[in-house]
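Shown below: query18.pdb, with PDB, C-alpha atoms.
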```pdb
ATOM      1  CA  MET A  91     -16.392   5.559  -3.661  1.00  0.00           C
ATOM      2  CA  ARG A  92     -17.635   3.235  -0.955  1.00  0.00           C
ATOM      3  CA  VAL A  93     -16.795   3.789   2.727  1.00  0.00           C
ATOM      4  CA  ILE A  94     -16.897   0.964   5.272  1.00  0.00           C
ATOM      5  CA  VAL A  95     -16.617   1.684   8.996  1.00  0.00           C
ATOM      6  CA  THR A  96     -15.429  -1.105  11.295  1.00  0.00           C
ATOM      7  CA  GLU A  97     -15.551  -1.197  15.067  1.00  0.00           C
ATOM      8  CA  ASN A  98     -11.777  -1.349  15.425  1.00  0.00           C
ATOM      9  CA  ASN A  99      -8.497  -1.950  13.645  1.00  0.00           C
ATOM     10  CA  GLN A 100      -8.933  -5.711  13.857  1.00  0.00           C
ATOM     11  CA  GLY A 101     -12.141  -5.297  11.927  1.00  0.00           C
ATOM     12  CA  ILE A 102     -10.207  -3.593   9.135  1.00  0.00           C
ATOM     13  CA  GLY A 103      -7.992  -6.665   8.887  1.00  0.00           C
ATOM     14  CA  GLU A 104     -10.965  -9.000   8.663  1.00  0.00           C
ATOM     15  CA  ILE A 105     -12.862  -6.948   6.061  1.00  0.00           C
ATOM     16  CA  VAL A 106      -9.913  -6.125   3.808  1.00  0.00           C
ATOM     17  CA  GLY A 107      -8.082  -9.404   4.314  1.00  0.00           C
ATOM     18  CA  GLY A 108     -11.333 -11.087   3.368  1.00  0.00           C
ATOM     19  CA  MET A 109     -11.527  -8.996   0.189  1.00  0.00           C
ATOM     20  CA  LEU A 110      -8.044 -10.054  -0.887  1.00  0.00           C
ATOM     21  CA  VAL A 111      -8.661 -13.700  -0.036  1.00  0.00           C
ATOM     22  CA  LYS A 112     -11.975 -13.650  -1.955  1.00  0.00           C
ATOM     23  CA  THR A 113     -10.159 -12.162  -4.970  1.00  0.00           C
ATOM     24  CA  VAL A 114      -7.793 -15.147  -4.993  1.00  0.00           C
ATOM     25  CA  GLN A 115     -10.581 -17.648  -4.407  1.00  0.00           C
ATOM     26  CA  ASP A 116     -12.448 -16.255  -7.409  1.00  0.00           C
ATOM     27  CA  LYS A 117      -9.321 -15.917  -9.552  1.00  0.00           C
ATOM     28  CA  PRO A 118      -6.507 -18.260  -8.430  1.00  0.00           C
ATOM     29  CA  ASP A 119      -3.923 -16.535 -10.655  1.00  0.00           C
ATOM     30  CA  ALA A 120      -4.843 -13.018  -9.511  1.00  0.00           C
ATOM     31  CA  THR A 121      -2.295 -10.231  -9.159  1.00  0.00           C
ATOM     32  CA  LEU A 122      -2.433  -8.402  -5.842  1.00  0.00           C
ATOM     33  CA  GLY A 123      -1.016  -4.916  -5.384  1.00  0.00           C
ATOM     34  CA  LEU A 124       0.380  -4.740  -1.866  1.00  0.00           C
ATOM     35  CA  ALA A 125       1.455  -2.085   0.613  1.00  0.00           C
ATOM     36  CA  THR A 126       3.735  -1.877   3.627  1.00  0.00           C
ATOM     37  CA  GLY A 127       3.673  -0.031   6.937  1.00  0.00           C
ATOM     38  CA  SER A 128       1.834  -0.701  10.162  1.00  0.00           C
ATOM     39  CA  SER A 129      -1.679  -0.395   8.699  1.00  0.00           C
ATOM     40  CA  PRO A 130      -1.594  -3.508   6.443  1.00  0.00           C
ATOM     41  CA  GLU A 131      -0.246  -5.814   9.156  1.00  0.00           C
ATOM     42  CA  VAL A 132      -3.745  -6.792  10.315  1.00  0.00           C
ATOM     43  CA  VAL A 133      -4.687  -7.514   6.696  1.00  0.00           C
ATOM     44  CA  TYR A 134      -1.721  -9.829   6.211  1.00  0.00           C
ATOM     45  CA  ASP A 135      -2.409 -11.534   9.536  1.00  0.00           C
ATOM     46  CA  TYR A 136      -5.882 -12.401   8.278  1.00  0.00           C
ATOM     47  CA  MET A 137      -4.532 -13.702   4.957  1.00  0.00           C
ATOM     48  CA  ILE A 138      -2.050 -15.945   6.777  1.00  0.00           C
ATOM     49  CA  ARG A 139      -4.775 -17.341   9.024  1.00  0.00           C
ATOM     50  CA  ALA A 140      -7.008 -17.999   6.010  1.00  0.00           C
ATOM     51  CA  TYR A 141      -4.167 -19.905   4.348  1.00  0.00           C
ATOM     52  CA  GLN A 142      -3.477 -21.906   7.493  1.00  0.00           C
ATOM     53  CA  ARG A 143      -7.173 -22.852   7.660  1.00  0.00           C
ATOM     54  CA  GLY A 144      -6.965 -24.143   4.111  1.00  0.00           C
ATOM     55  CA  GLU A 145      -9.353 -21.523   2.748  1.00  0.00           C
ATOM     56  CA  VAL A 146      -7.056 -20.087   0.070  1.00  0.00           C
ATOM     57  CA  ASP A 147      -4.219 -21.195  -2.194  1.00  0.00           C
ATOM     58  CA  PHE A 148      -1.605 -18.592  -3.161  1.00  0.00           C
ATOM     59  CA  SER A 149       0.499 -20.881  -5.363  1.00  0.00           C
ATOM     60  CA  ARG A 150      -0.542 -19.165  -8.608  1.00  0.00           C
ATOM     61  CA  VAL A 151      -0.847 -15.621  -7.256  1.00  0.00           C
ATOM     62  CA  HIS A 152       1.444 -12.776  -8.293  1.00  0.00           C
ATOM     63  CA  THR A 153       2.092  -9.639  -6.256  1.00  0.00           C
ATOM     64  CA  VAL A 154       3.638  -6.252  -6.846  1.00  0.00           C
ATOM     65  CA  ASN A 155       4.409  -3.708  -4.157  1.00  0.00           C
ATOM     66  CA  LEU A 156       3.899   0.016  -4.274  1.00  0.00           C
ATOM     67  CA  ASP A 157       7.349   1.198  -3.312  1.00  0.00           C
ATOM     68  CA  GLU A 158      10.745   0.659  -1.728  1.00  0.00           C
ATOM     69  CA  TYR A 159      13.332   2.795   0.026  1.00  0.00           C
ATOM     70  CA  LEU A 160      16.414   3.666  -1.966  1.00  0.00           C
ATOM     71  CA  GLY A 161      19.649   2.646  -0.322  1.00  0.00           C
ATOM     72  CA  LEU A 162      18.425  -0.344   1.684  1.00  0.00           C
ATOM     73  CA  THR A 163      19.360  -3.892   0.727  1.00  0.00           C
ATOM     74  CA  PRO A 164      16.536  -6.464   0.503  1.00  0.00           C
ATOM     75  CA  ASP A 165      17.680  -8.079   3.766  1.00  0.00           C
ATOM     76  CA  HIS A 166      17.754  -4.786   5.684  1.00  0.00           C
ATOM     77  CA  PRO A 167      15.187  -5.050   8.519  1.00  0.00           C
ATOM     78  CA  GLN A 168      13.503  -1.826   7.373  1.00  0.00           C
ATOM     79  CA  SER A 169      13.411  -2.556   3.657  1.00  0.00           C
ATOM     80  CA  TYR A 170       9.985  -3.213   2.247  1.00  0.00           C
ATOM     81  CA  ARG A 171      11.129  -6.509   0.735  1.00  0.00           C
ATOM     82  CA  TYR A 172      12.097  -7.675   4.219  1.00  0.00           C
ATOM     83  CA  PHE A 173       8.751  -6.443   5.561  1.00  0.00           C
ATOM     84  CA  MET A 174       6.764  -8.377   2.980  1.00  0.00           C
ATOM     85  CA  ASP A 175       8.800 -11.552   3.468  1.00  0.00           C
ATOM     86  CA  THR A 176       8.452 -11.533   7.239  1.00  0.00           C
ATOM     87  CA  HIS A 177       4.836 -10.321   7.451  1.00  0.00           C
ATOM     88  CA  LEU A 178       3.302 -12.337   4.635  1.00  0.00           C
ATOM     89  CA  PHE A 179       5.304 -14.210   1.985  1.00  0.00           C
ATOM     90  CA  ASN A 180       7.229 -16.499   4.340  1.00  0.00           C
ATOM     91  CA  HIS A 181       3.955 -17.697   5.862  1.00  0.00           C
ATOM     92  CA  ILE A 182       1.946 -18.604   2.754  1.00  0.00           C
ATOM     93  CA  ASN A 183       2.583 -20.809  -0.272  1.00  0.00           C
ATOM     94  CA  ILE A 184       3.326 -18.069  -2.775  1.00  0.00           C
ATOM     95  CA  PRO A 185       6.443 -18.689  -4.918  1.00  0.00           C
ATOM     96  CA  MET A 186       8.963 -15.922  -4.223  1.00  0.00           C
ATOM     97  CA  ASP A 187       9.530 -15.556  -7.960  1.00  0.00           C
ATOM     98  CA  ASN A 188       5.893 -14.457  -8.185  1.00  0.00           C
ATOM     99  CA  THR A 189       6.480 -11.511  -5.845  1.00  0.00           C
ATOM    100  CA  TYR A 190       7.955  -8.184  -6.871  1.00  0.00           C
ATOM    101  CA  VAL A 191       9.242  -5.390  -4.687  1.00  0.00           C
ATOM    102  CA  ALA A 192      11.176  -2.689  -6.507  1.00  0.00           C
ATOM    103  CA  GLU A 193      14.958  -2.746  -6.120  1.00  0.00           C
ATOM    104  CA  GLY A 194      16.404  -0.135  -3.806  1.00  0.00           C
ATOM    105  CA  ILE A 195      20.088  -0.692  -4.551  1.00  0.00           C
ATOM    106  CA  GLY A 196      21.948   0.596  -7.583  1.00  0.00           C
ATOM    107  CA  TYR A 197      21.609   3.637  -9.787  1.00  0.00           C
ATOM    108  CA  PRO A 198      18.147   5.117  -9.124  1.00  0.00           C
ATOM    109  CA  GLU A 199      17.420   5.581 -12.828  1.00  0.00           C
ATOM    110  CA  ASN A 200      18.067   1.871 -13.400  1.00  0.00           C
ATOM    111  CA  CYS A 201      15.788   0.930 -10.509  1.00  0.00           C
ATOM    112  CA  VAL A 202      13.036   3.071 -11.998  1.00  0.00           C
ATOM    113  CA  LYS A 203      13.553   1.597 -15.455  1.00  0.00           C
ATOM    114  CA  ARG A 204      13.215  -1.967 -14.156  1.00  0.00           C
ATOM    115  CA  PHE A 205      10.162  -1.073 -12.056  1.00  0.00           C
ATOM    116  CA  ARG A 206       8.461   0.562 -15.043  1.00  0.00           C
ATOM    117  CA  GLU A 207       9.130  -2.487 -17.165  1.00  0.00           C
ATOM    118  CA  VAL A 208       7.510  -4.767 -14.585  1.00  0.00           C
ATOM    119  CA  LEU A 209       4.485  -2.488 -14.254  1.00  0.00           C
ATOM    120  CA  LYS A 210       4.135  -2.304 -18.020  1.00  0.00           C
ATOM    121  CA  HIS A 211       3.405  -6.041 -18.078  1.00  0.00           C
ATOM    122  CA  THR A 212       1.409  -6.229 -14.831  1.00  0.00           C
ATOM    123  CA  HIS A 213      -2.357  -6.049 -14.490  1.00  0.00           C
ATOM    124  CA  VAL A 214      -3.389  -5.576 -10.851  1.00  0.00           C
ATOM    125  CA  ASP A 215      -6.734  -7.068  -9.883  1.00  0.00           C
ATOM    126  CA  ILE A 216      -6.937  -5.345  -6.507  1.00  0.00           C
ATOM    127  CA  GLN A 217      -4.593  -2.730  -5.031  1.00  0.00           C
ATOM    128  CA  LEU A 218      -4.200  -2.311  -1.274  1.00  0.00           C
ATOM    129  CA  LEU A 219      -3.281   1.185  -0.065  1.00  0.00           C
ATOM    130  CA  GLY A 220      -2.446   2.846   3.204  1.00  0.00           C
ATOM    131  CA  ILE A 221      -2.409   6.609   3.572  1.00  0.00           C
ATOM    132  CA  GLY A 222       0.035   9.061   5.093  1.00  0.00           C
ATOM    133  CA  GLU A 223      -0.841  11.822   7.513  1.00  0.00           C
ATOM    134  CA  ASP A 224      -0.501  14.301   4.635  1.00  0.00           C
ATOM    135  CA  GLY A 225      -2.553  12.170   2.261  1.00  0.00           C
ATOM    136  CA  HIS A 226       0.325  10.548   0.393  1.00  0.00           C
ATOM    137  CA  ILE A 227      -0.276   7.102  -1.091  1.00  0.00           C
ATOM    138  CA  ALA A 228       2.705   4.936  -1.903  1.00  0.00           C
ATOM    139  CA  PHE A 229       5.431   7.609  -1.836  1.00  0.00           C
ATOM    140  CA  ASN A 230       3.490  10.096  -3.934  1.00  0.00           C
ATOM    141  CA  GLU A 231       4.066  13.127  -1.748  1.00  0.00           C
ATOM    142  CA  PRO A 232       1.967  16.318  -1.754  1.00  0.00           C
ATOM    143  CA  GLY A 233       3.260  19.050  -4.046  1.00  0.00           C
ATOM    144  CA  GLU A 234       2.458  21.190  -7.020  1.00  0.00           C
ATOM    145  CA  VAL A 235       2.412  18.166  -9.351  1.00  0.00           C
ATOM    146  CA  LEU A 236       1.962  14.411  -9.075  1.00  0.00           C
ATOM    147  CA  ARG A 237       3.808  11.869 -11.209  1.00  0.00           C
ATOM    148  CA  CYS A 238       1.977   9.384 -13.418  1.00  0.00           C
ATOM    149  CA  GLY A 239       4.595   6.622 -13.702  1.00  0.00           C
ATOM    150  CA  ALA A 240       7.125   4.973 -11.406  1.00  0.00           C
ATOM    151  CA  HIS A 241       9.712   7.458 -10.223  1.00  0.00           C
ATOM    152  CA  VAL A 242      12.171   8.460  -7.520  1.00  0.00           C
ATOM    153  CA  GLU A 243      10.594  10.579  -4.811  1.00  0.00           C
ATOM    154  CA  TRP A 244      12.273  12.774  -2.227  1.00  0.00           C
ATOM    155  CA  LEU A 245      10.416  12.128   0.997  1.00  0.00           C
ATOM    156  CA  ALA A 246       8.618  14.946   2.769  1.00  0.00           C
ATOM    157  CA  GLU A 247       9.835  15.842   6.244  1.00  0.00           C
ATOM    158  CA  SER A 248       6.484  14.733   7.658  1.00  0.00           C
ATOM    159  CA  THR A 249       6.916  11.313   6.045  1.00  0.00           C
ATOM    160  CA  ILE A 250      10.448  10.982   7.386  1.00  0.00           C
ATOM    161  CA  ALA A 251       9.254  11.925  10.865  1.00  0.00           C
ATOM    162  CA  ALA A 252       6.337   9.474  10.697  1.00  0.00           C
ATOM    163  CA  ASN A 253       8.602   6.616   9.588  1.00  0.00           C
ATOM    164  CA  ALA A 254      11.304   7.361  12.130  1.00  0.00           C
ATOM    165  CA  ARG A 255       9.612   5.057  14.654  1.00  0.00           C
ATOM    166  CA  PHE A 256      10.747   2.094  12.561  1.00  0.00           C
ATOM    167  CA  PHE A 257      14.428   3.117  12.759  1.00  0.00           C
ATOM    168  CA  GLU A 258      16.911   3.710  15.554  1.00  0.00           C
ATOM    169  CA  CYS A 259      16.682   7.452  14.913  1.00  0.00           C
ATOM    170  CA  GLU A 260      15.259   9.868  12.353  1.00  0.00           C
ATOM    171  CA  GLU A 261      18.668  10.334  10.716  1.00  0.00           C
ATOM    172  CA  GLU A 262      18.608   6.681   9.615  1.00  0.00           C
ATOM    173  CA  VAL A 263      15.393   7.064   7.607  1.00  0.00           C
ATOM    174  CA  PRO A 264      16.210   7.105   3.863  1.00  0.00           C
ATOM    175  CA  ARG A 265      15.486  10.413   2.169  1.00  0.00           C
ATOM    176  CA  MET A 266      14.565   8.890  -1.194  1.00  0.00           C
ATOM    177  CA  ALA A 267      12.324   6.086  -2.370  1.00  0.00           C
ATOM    178  CA  ILE A 268      11.162   4.505  -5.591  1.00  0.00           C
ATOM    179  CA  SER A 269       7.407   4.541  -5.973  1.00  0.00           C
ATOM    180  CA  MET A 270       4.560   3.653  -8.285  1.00  0.00           C
ATOM    181  CA  GLY A 271       3.085   6.797  -9.785  1.00  0.00           C
ATOM    182  CA  MET A 272      -0.537   7.810  -9.492  1.00  0.00           C
ATOM    183  CA  GLY A 273      -1.232   6.472 -12.982  1.00  0.00           C
ATOM    184  CA  ASP A 274       0.173   3.058 -12.031  1.00  0.00           C
ATOM    185  CA  ILE A 275      -2.101   2.898  -8.995  1.00  0.00           C
ATOM    186  CA  MET A 276      -5.171   4.052 -10.893  1.00  0.00           C
ATOM    187  CA  ARG A 277      -4.811   1.266 -13.458  1.00  0.00           C
ATOM    188  CA  ALA A 278      -5.765  -1.386 -10.891  1.00  0.00           C
ATOM    189  CA  ASP A 279      -9.217  -2.908 -11.402  1.00  0.00           C
ATOM    190  CA  ARG A 280     -10.137  -2.304  -7.772  1.00  0.00           C
ATOM    191  CA  ILE A 281      -8.586  -0.219  -5.016  1.00  0.00           C
ATOM    192  CA  VAL A 282      -9.053  -0.558  -1.257  1.00  0.00           C
ATOM    193  CA  LEU A 283      -7.566   2.026   1.107  1.00  0.00           C
ATOM    194  CA  ILE A 284      -7.305   1.486   4.837  1.00  0.00           C
ATOM    195  CA  ALA A 285      -6.749   3.942   7.680  1.00  0.00           C
ATOM    196  CA  SER A 286      -7.102   4.186  11.445  1.00  0.00           C
ATOM    197  CA  GLY A 287      -6.011   6.522  14.198  1.00  0.00           C
ATOM    198  CA  PRO A 288      -6.295  10.268  14.843  1.00  0.00           C
ATOM    199  CA  LYS A 289      -3.225  11.224  12.805  1.00  0.00           C
ATOM    200  CA  LYS A 290      -5.068  10.372   9.578  1.00  0.00           C
ATOM    201  CA  VAL A 291      -8.008  12.725  10.201  1.00  0.00           C
ATOM    202  CA  ASP A 292      -7.072  15.517   7.790  1.00  0.00           C
ATOM    203  CA  ALA A 293      -6.105  13.132   5.003  1.00  0.00           C
ATOM    204  CA  ILE A 294      -9.280  11.045   5.300  1.00  0.00           C
ATOM    205  CA  ARG A 295     -11.502  14.095   5.644  1.00  0.00           C
ATOM    206  CA  GLY A 296     -10.162  15.387   2.350  1.00  0.00           C
ATOM    207  CA  LEU A 297     -10.686  12.003   0.736  1.00  0.00           C
ATOM    208  CA  ILE A 298     -14.231  11.135   1.821  1.00  0.00           C
ATOM    209  CA  MET A 299     -15.875  14.366   3.004  1.00  0.00           C
ATOM    210  CA  THR A 300     -15.392  16.617  -0.036  1.00  0.00           C
ATOM    211  CA  GLU A 301     -15.593  16.343  -3.805  1.00  0.00           C
ATOM    212  CA  ASP A 302     -12.320  18.227  -4.265  1.00  0.00           C
ATOM    213  CA  ILE A 303      -9.260  16.765  -5.958  1.00  0.00           C
ATOM    214  CA  ASP A 304      -6.174  18.333  -4.445  1.00  0.00           C
ATOM    215  CA  VAL A 305      -2.528  17.639  -5.307  1.00  0.00           C
ATOM    216  CA  HIS A 306      -1.723  18.602  -1.722  1.00  0.00           C
ATOM    217  CA  ASN A 307      -3.670  15.505  -0.662  1.00  0.00           C
ATOM    218  CA  PRO A 308      -2.674  12.904  -3.274  1.00  0.00           C
ATOM    219  CA  SER A 309      -5.241  10.392  -2.030  1.00  0.00           C
ATOM    220  CA  THR A 310      -8.012  12.598  -3.437  1.00  0.00           C
ATOM    221  CA  MET A 311      -7.009  11.457  -6.923  1.00  0.00           C
ATOM    222  CA  LEU A 312      -8.736   8.173  -6.077  1.00  0.00           C
ATOM    223  CA  LYS A 313     -12.086   9.934  -6.539  1.00  0.00           C
ATOM    224  CA  LEU A 314     -11.495   9.544 -10.270  1.00  0.00           C
ATOM    225  CA  HIS A 315     -11.338   5.744 -10.049  1.00  0.00           C
ATOM    226  CA  ARG A 316     -14.418   3.657 -10.795  1.00  0.00           C
ATOM    227  CA  ASP A 317     -14.059   1.146  -7.939  1.00  0.00           C
ATOM    228  CA  VAL A 318     -12.569   2.389  -4.654  1.00  0.00           C
ATOM    229  CA  THR A 319     -13.391   1.185  -1.163  1.00  0.00           C
ATOM    230  CA  VAL A 320     -12.172   3.100   1.903  1.00  0.00           C
ATOM    231  CA  VAL A 321     -12.148   1.130   5.158  1.00  0.00           C
ATOM    232  CA  ILE A 322     -11.705   3.051   8.415  1.00  0.00           C
ATOM    233  CA  ASP A 323     -12.355   2.329  12.067  1.00  0.00           C
ATOM    234  CA  ARG A 324     -15.186   3.958  13.989  1.00  0.00           C
ATOM    235  CA  GLY A 325     -12.903   6.192  16.039  1.00  0.00           C
ATOM    236  CA  LEU A 326     -11.449   7.762  12.906  1.00  0.00           C
ATOM    237  CA  ALA A 327     -14.890   8.069  11.306  1.00  0.00           C
ATOM    238  CA  GLU A 328     -16.142  10.014  14.326  1.00  0.00           C
ATOM    239  CA  LEU A 329     -13.156  12.359  14.300  1.00  0.00           C
ATOM    240  CA  VAL A 330     -13.620  12.991  10.587  1.00  0.00           C
ATOM    241  CA  GLY A 331     -17.347  13.609  11.032  1.00  0.00           C
ATOM    242  CA  TYR A 332     -18.390  10.779   8.716  1.00  0.00           C
ATOM    243  CA  THR A 333     -21.751   9.177   9.441  1.00  0.00           C
ATOM    244  CA  GLU A 334     -22.896   6.008   7.718  1.00  0.00           C
ATOM    245  CA  GLU A 335     -25.972   6.324   5.552  1.00  0.00           C
TER
END
```

Let me see whether you can do it: turn the structure in this file into structure tokens.
Amino acid sequence: MRVIVTENNQGIGEIVGGMLVKTVQDKPDATLGLATGSSPEVVYDYMIRAYQRGEVDFSRVHTVNLDEYLGLTPDHPQSYRYFMDTHLFNHINIPMDNTYVAEGIGYPENCVKRFREVLKHTHVDIQLLGIGEDGHIAFNEPGEVLRCGAHVEWLAESTIAANARFFECEEEVPRMAISMGMGDIMRADRIVLIASGPKKVDAIRGLIMTEDIDVHNPSTMLKLHRDVTVVIDRGLAELVGYTEE
């Protein structure tokens, strides 16, 4: 596992956005695994700017997202499909048919079945991850067991509380989501995880400061992957106690 410390959150966007852009430059038909939430916004801003400068062509790229809320239509302002459209896809030349965000409407078992079928035929070149305060990645919540394949996940109260800032009130936050499993994530050729801010201290400390693998911090499973890069800002690194070698 490689750890990169940037001076600030903007630096995370430049480093990680640059990694994704370089992946496409080297392989124009690459498949990118993408994430939602506030953390990746700086990454997508960089990718948009690179496209506008003529540095990268997304016309042959495919994408697949980690997860989606159950019960929200694609045009709902808090759905992850809407997030991806407004924060990235609408601003670059990627064909919408080349993008996949799991369906959140319909019978959950059918949504899972369709998501699993897509993942079965998808090879991700680089997977972008955020991390929750409790160490969850995608919607793989801490617990006694972790799921390998795509599945429906009941959201932890801490996740609901953390996501409430995106909704009018906490009661509006969906209680269920469809998510890639840990096995789906681990099949990516490369993984890059980003984090900033004091609320991520415990999760990041467990990920980069110990050798333990703990189902109560799902991100620690990434220690088993052959090519993982963790990018954090200097403030978080100092709080965690990480010093660069």

Exercise. Can you pull out every residue within 9 Å of segment 186-203 of chain A, counting all atoms listed in the file, but drop anything in the same chain fewer than 2 positions away, and send it as JSON, numbers by chain?
Key: {"A": [149, 150, 151, 152, 153, 154, 155, 156, 157, 158, 159, 160, 161, 162, 163, 164, 169, 170, 171, 174, 175, 179, 180, 183, 184, 205, 206, 207, 208, 240, 241, 242, 267, 268, 269]}

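Minimum distance to Tyr134 of chain A across A:Leu178, A:Leu314, A:Ile105, A:Val111 (counting all atoms listed in the file) occurs at A:Leu178.
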
Self-check item: Expected selection from the PyMOL selection byres ((chain A and resi 106) around 12), given as a PyMOL selection string
Solution: chain A and resi 94-96+99-105+107-113+124+129-137+216-220+281-285+319-322

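Put simply, the PyMOL selection byres ((chain A and resi 334) around 10) on this file hits A:Val93, A:Ile94, A:Val95, A:Ala327, A:Gly331, A:Tyr332, A:Thr333, A:Glu335.
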
What would the selection look like, as an mmCIF file with C-alpha atoms, in the coordinates of the input, if the PyMOL selection byres ((chain A and resi 287) around 8) were run on the coordinates I just shared?
```
data_model
loop_
_atom_site.group_PDB
_atom_site.id
_atom_site.type_symbol
_atom_site.label_atom_id
_atom_site.label_comp_id
_atom_site.auth_asym_id
_atom_site.auth_seq_id
_atom_site.Cartn_x
_atom_site.Cartn_y
_atom_site.Cartn_z
ATOM 1 C CA ALA A 285 -6.749 3.942 7.680
ATOM 2 C CA SER A 286 -7.102 4.186 11.445
ATOM 3 C CA PRO A 288 -6.295 10.268 14.843
ATOM 4 C CA LYS A 289 -3.225 11.224 12.805
ATOM 5 C CA LYS A 290 -5.068 10.372 9.578
ATOM 6 C CA VAL A 291 -8.008 12.725 10.201
ATOM 7 C CA ASP A 323 -12.355 2.329 12.067
ATOM 8 C CA GLY A 325 -12.903 6.192 16.039
ATOM 9 C CA LEU A 326 -11.449 7.762 12.906
#
```

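The residue that comes closest to Glu243 of chain A, out of A:Leu297, A:Met266, A:Met276, A:Ile138 and on the basis of only C-alpha atoms, is A:Met266.
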
Quiz item: From the set A:Glu145, A:Asp274, A:Glu234, A:Asp224, which residue has the shortest atom-to-atom contact distance to Ala251 of chain A, counting only C-alpha atoms?
Solution: A:Asp224

Quiz item: Please, what distance in Å, to one decimal, runs between atom CA of Met299 of chain A and atom CA of Glu247 of chain A?
Solution: 26.0 Å

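With only C-alpha atoms as the atoms that count, the residue of A:Phe148, A:Phe229, A:Phe257, A:Trp244 with the shortest distance to Ile275 of chain A is A:Phe229.
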
Give me the box for segment 189-200 of chain A as JSON, namely the centre and edge lengths in Å to one decimal of a box along x, y and z that holds every listed atom plus 6 Å on each side.
```
{"center_x": 14.2, "center_y": -3.0, "center_z": -8.6, "size_x": 27.5, "size_y": 29.1, "size_z": 21.6}
```

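Between atom CA of Val330 of chain A and atom CA of Ala293 of chain A there is a distance of 9.4 Å.
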
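The space separating atom CA of Ser309 of chain A from atom CA of Glu262 of chain A comes to 26.8 Å.
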
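Across A:His166, A:Arg237, A:His177, A:His306, the tightest approach to Gly222 of chain A is made by A:His306 when counting all atoms listed in the file.
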
Self-check item: Distance query Gly239 of chain A at most 7 Å, only C-alpha atoms, self and fewer than 4 positions along chain excluded, as a ChimeraX atom specification
Solution: /A:270-274

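Minimum atom-to-atom distances from A:Asp119, A:Glu223, A:Glu97, A:Asp165 to Thr249 of chain A were compared using only C-alpha atoms, and the lowest value belongs to A:Glu223.
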